[in-house]
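Asker: Right, I'll just put the structure down here and ask away after.
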Amino acid sequence: MTARSGGSSPRVEAVISATPIDAAALVRGVSGPGEGAVLLFLGTVRNHNRDRRVERLDYEAFAPMARKELAAICEEAAGSFGLAGVSAVHRTGRLAPGEASLGVAVASAHRDAAYRGSRWIVEEIKRRLPVWKREAYADGTEAWLDGHPTGSAP
Amino acid sequence: MSRIAARDTITVDVRFFAMLRERAGGERCRVELPGGSTVAALCAHLRERLPEFPEGYAVAVGLAYAASDHILEDGDEVALIPPVSGG
């Protein structure tokens with residue numbers, strides 16, 4: 001992993017939000033004159049899943065723990081990949097197709113760290129953030145999505 | 001019971017989320033356990049009380065994932081975390 005060239009500590013922000021994600025604000029939050037790469041990832045709601053038409057998604061989070069885990073993921077990524085800035089937001093509540101449920105902005109001196117760090121953050125979020133989504137389909141039915149087990153109860 | 005336990009019994013607050021919340025029929029419950037009980041003991045207790053309870057969830061104590069041999073303390077906030085699907 002590349003070391004960060006700047007000496008200052010990385011700018012890290014992690015938010016669980018019930019309001020729409022402001023992508024421009026995420027980018028502004030990580031950008032700085034020392035960085036040559038700023039990368040924004042948005043996870044958005046698909047209008048289809050496994051051949052079924054999706055009308056909306058409801059996201060539920062254990063918010064205080066999710067915020068803590070998200071901050072830990074961002075801090076880990078900043079350290080491991082040498083990122084100068086990381087800002088991540090995960091939505092809760094009801095989302096329509098096309099809306100962003102997840103926003104991750106990273107900044108680094110060079111693009112390689114930004115691409116690798118961003119990808120790692122998104123995978124870790126999917127693996128361990130205490131967040132659940134319930135899909136509502138065009139036929140009026142709803143279902144919690146199969147998730148990733150974060151561990152096994154004994 | 002050994003003398004290690006500070007109290008004879010402890011009470012923990014258990015929170016349920018998503019499909020577990022629906023299965024449990026509520027957002028939270030209080031559980032009384034012998035002092036010195038582990039996360040594993042709590043899970044066994046819940047399985048007895050809620051026979052329909054599914055397997056395959058994780059447990060968080062405070063706001064951090066906890067191992068099955070983690071010893072619970074009186075007043076702990078315990079969250080049952082079903083498989084996550086964020087992103």
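Please note that chains go A, B, ... in the order of the structure tokens, that every chain numbers its residues from 1, and that ligands are numbered from 1 in the order shown.
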Compute the set of chain A residues within 8 Å of chain B, using only C-alpha atoms, and express it as a ChimeraX atom specification.

Answerer: /A:43,59-62,64-65,68,90,101-102,122,125-133,144-154

Asker: Can you tell me how far atom CA of A:Arg46 sits from atom CA of A:Leu95, in Å to one decimal?

Answerer: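 Atom CA of A:Leu95 lies at a distance of 10.2 Å from atom CA of A:Arg46.
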
Asker: Chain B: which residues are strand (DSSP E or B) by DSSP, as a PyMOL selection string?

Answerer: chain B and resi 9-16+28-34+38+58-61+64-65+71+77-81+84

Asker: Fewer than 6 positions away in the same chain doesn't count, so skip those; otherwise give me all residues within 10 Å of stretch 24-38 of chain B, counting only C-alpha atoms, as number ranges by chain.

Answerer: B: 1-18, 44-46, 49-53, 67-75, 77-80

Asker: Between atom CA of A:Glu123 and atom CA of A:Ile21, what is the spacing in Å?

Answerer: 19.2 Å

Asker: Considering only C-alpha atoms, state which residue in the set A:Ile121, A:Ala96, A:Ile73, A:Val86 is at the smallest distance from A:His48.

Answerer: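 Of all the options, A:Ala96 lies closest to A:His48.
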
Asker: Find the distance between atom CA of A:Ala71 and atom CA of A:Gly93 and write it in Å to one decimal.

Answerer: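 Distance between the two atoms: 20.2 Å.
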
Asker: I need the residues of chain A that end up classed as helix (DSSP H, G or I) by DSSP on the backbone, written out as JSON, numbers by chain.

Answerer: {"A": [23, 24, 25, 26, 27, 28, 29, 30, 63, 64, 65, 66, 67, 68, 69, 70, 71, 72, 73, 74, 75, 76, 77, 78, 79, 80, 81, 111, 112, 113, 114, 115, 116, 117, 118, 119, 120, 121, 122, 123, 124, 125, 126, 127, 128]}

Asker: How would the residues just chosen look if you wrote them out with N, CA and C atoms as a short mmCIF file (atom, residue, chain, number, x, y, z; two decimals), in the first residue's frame?

Answerer:
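Dumped to part.cif:
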data_model
loop_
_atom_site.label_atom_id
_atom_site.label_comp_id
_atom_site.auth_asym_id
_atom_site.auth_seq_id
_atom_site.Cartn_x
_atom_site.Cartn_y
_atom_site.Cartn_z
N ALA A 23 -24.16 14.62 -3.62
CA ALA A 23 -22.90 14.12 -4.19
C ALA A 23 -21.84 15.21 -4.27
N ALA A 24 -22.27 16.41 -4.63
CA ALA A 24 -21.31 17.52 -4.75
C ALA A 24 -20.67 17.84 -3.41
N ALA A 25 -21.47 17.76 -2.34
CA ALA A 25 -20.95 18.04 -1.00
C ALA A 25 -19.94 16.96 -0.59
N LEU A 26 -20.21 15.71 -0.99
CA LEU A 26 -19.27 14.62 -0.69
C LEU A 26 -17.92 14.90 -1.34
N VAL A 27 -17.97 15.28 -2.61
CA VAL A 27 -16.73 15.56 -3.35
C VAL A 27 -15.99 16.74 -2.73
N ARG A 28 -16.75 17.80 -2.41
CA ARG A 28 -16.11 18.97 -1.77
C ARG A 28 -15.44 18.59 -0.46
N GLY A 29 -16.06 17.66 0.28
CA GLY A 29 -15.55 17.29 1.60
C GLY A 29 -14.20 16.60 1.57
N VAL A 30 -13.87 15.96 0.46
CA VAL A 30 -12.59 15.22 0.41
C VAL A 30 -11.53 15.94 -0.43
N ALA A 63 -28.73 2.64 13.31
CA ALA A 63 -27.99 3.85 12.94
C ALA A 63 -26.73 4.13 13.77
N PRO A 64 -26.78 4.08 15.10
CA PRO A 64 -25.55 4.43 15.84
C PRO A 64 -24.40 3.46 15.56
N MET A 65 -24.74 2.18 15.41
CA MET A 65 -23.68 1.21 15.11
C MET A 65 -23.22 1.34 13.66
N ALA A 66 -24.17 1.60 12.75
CA ALA A 66 -23.81 1.74 11.34
C ALA A 66 -22.86 2.92 11.15
N ARG A 67 -23.15 4.02 11.86
CA ARG A 67 -22.28 5.20 11.74
C ARG A 67 -20.87 4.87 12.25
N LYS A 68 -20.81 4.14 13.35
CA LYS A 68 -19.52 3.78 13.94
C LYS A 68 -18.75 2.83 13.01
N GLU A 69 -19.45 1.84 12.46
CA GLU A 69 -18.80 0.89 11.54
C GLU A 69 -18.34 1.60 10.27
N LEU A 70 -19.19 2.49 9.76
CA LEU A 70 -18.85 3.21 8.54
C LEU A 70 -17.61 4.07 8.76
N ALA A 71 -17.55 4.74 9.92
CA ALA A 71 -16.38 5.55 10.24
C ALA A 71 -15.13 4.68 10.35
N ALA A 72 -15.30 3.48 10.95
CA ALA A 72 -14.15 2.57 11.10
C ALA A 72 -13.66 2.11 9.74
N ILE A 73 -14.60 1.79 8.83
CA ILE A 73 -14.23 1.36 7.48
C ILE A 73 -13.46 2.47 6.76
N CYS A 74 -13.97 3.70 6.87
CA CYS A 74 -13.33 4.83 6.20
C CYS A 74 -11.93 5.09 6.76
N GLU A 75 -11.80 5.01 8.09
CA GLU A 75 -10.48 5.21 8.73
C GLU A 75 -9.51 4.11 8.30
N GLU A 76 -9.99 2.87 8.27
CA GLU A 76 -9.13 1.76 7.87
C GLU A 76 -8.65 1.95 6.43
N ALA A 77 -9.57 2.36 5.57
CA ALA A 77 -9.21 2.56 4.16
C ALA A 77 -8.21 3.70 4.01
N ALA A 78 -8.43 4.78 4.77
CA ALA A 78 -7.52 5.92 4.68
C ALA A 78 -6.11 5.48 5.05
N GLY A 79 -6.01 4.67 6.12
CA GLY A 79 -4.70 4.20 6.55
C GLY A 79 -4.08 3.20 5.58
N SER A 80 -4.88 2.22 5.15
CA SER A 80 -4.34 1.13 4.32
C SER A 80 -3.96 1.60 2.91
N PHE A 81 -4.79 2.49 2.33
CA PHE A 81 -4.57 2.88 0.94
C PHE A 81 -3.91 4.24 0.82
N ARG A 111 -4.30 8.24 -8.70
CA ARG A 111 -5.58 7.57 -8.95
C ARG A 111 -5.62 6.12 -8.48
N ASP A 112 -4.50 5.44 -8.48
CA ASP A 112 -4.52 4.01 -8.14
C ASP A 112 -5.07 3.79 -6.73
N ALA A 113 -4.59 4.57 -5.78
CA ALA A 113 -5.07 4.44 -4.40
C ALA A 113 -6.56 4.77 -4.31
N ALA A 114 -7.00 5.76 -5.07
CA ALA A 114 -8.41 6.17 -5.04
C ALA A 114 -9.30 5.04 -5.54
N TYR A 115 -8.94 4.44 -6.70
CA TYR A 115 -9.75 3.33 -7.25
C TYR A 115 -9.77 2.14 -6.30
N ARG A 116 -8.63 1.75 -5.81
CA ARG A 116 -8.56 0.56 -4.95
C ARG A 116 -9.23 0.81 -3.60
N GLY A 117 -8.99 1.99 -3.02
CA GLY A 117 -9.58 2.32 -1.73
C GLY A 117 -11.09 2.41 -1.80
N SER A 118 -11.61 3.03 -2.85
CA SER A 118 -13.06 3.18 -3.02
C SER A 118 -13.72 1.80 -3.14
N ARG A 119 -13.13 0.93 -3.95
CA ARG A 119 -13.69 -0.41 -4.14
C ARG A 119 -13.72 -1.18 -2.82
N TRP A 120 -12.63 -1.08 -2.07
CA TRP A 120 -12.54 -1.78 -0.78
C TRP A 120 -13.61 -1.28 0.18
N ILE A 121 -13.79 0.04 0.24
CA ILE A 121 -14.80 0.62 1.15
C ILE A 121 -16.19 0.09 0.81
N VAL A 122 -16.53 0.08 -0.47
CA VAL A 122 -17.88 -0.36 -0.87
C VAL A 122 -18.08 -1.84 -0.50
N GLU A 123 -17.07 -2.66 -0.74
CA GLU A 123 -17.20 -4.10 -0.41
C GLU A 123 -17.34 -4.29 1.10
N GLU A 124 -16.59 -3.53 1.90
CA GLU A 124 -16.69 -3.65 3.35
C GLU A 124 -18.05 -3.19 3.86
N ILE A 125 -18.58 -2.14 3.25
CA ILE A 125 -19.92 -1.66 3.62
C ILE A 125 -20.94 -2.77 3.40
N LYS A 126 -20.85 -3.44 2.26
CA LYS A 126 -21.79 -4.52 1.95
C LYS A 126 -21.60 -5.71 2.89
N ARG A 127 -20.38 -5.87 3.36
CA ARG A 127 -20.06 -7.03 4.19
C ARG A 127 -20.44 -6.83 5.66
N ARG A 128 -20.33 -5.62 6.18
CA ARG A 128 -20.46 -5.49 7.64
C ARG A 128 -21.31 -4.35 8.17
#
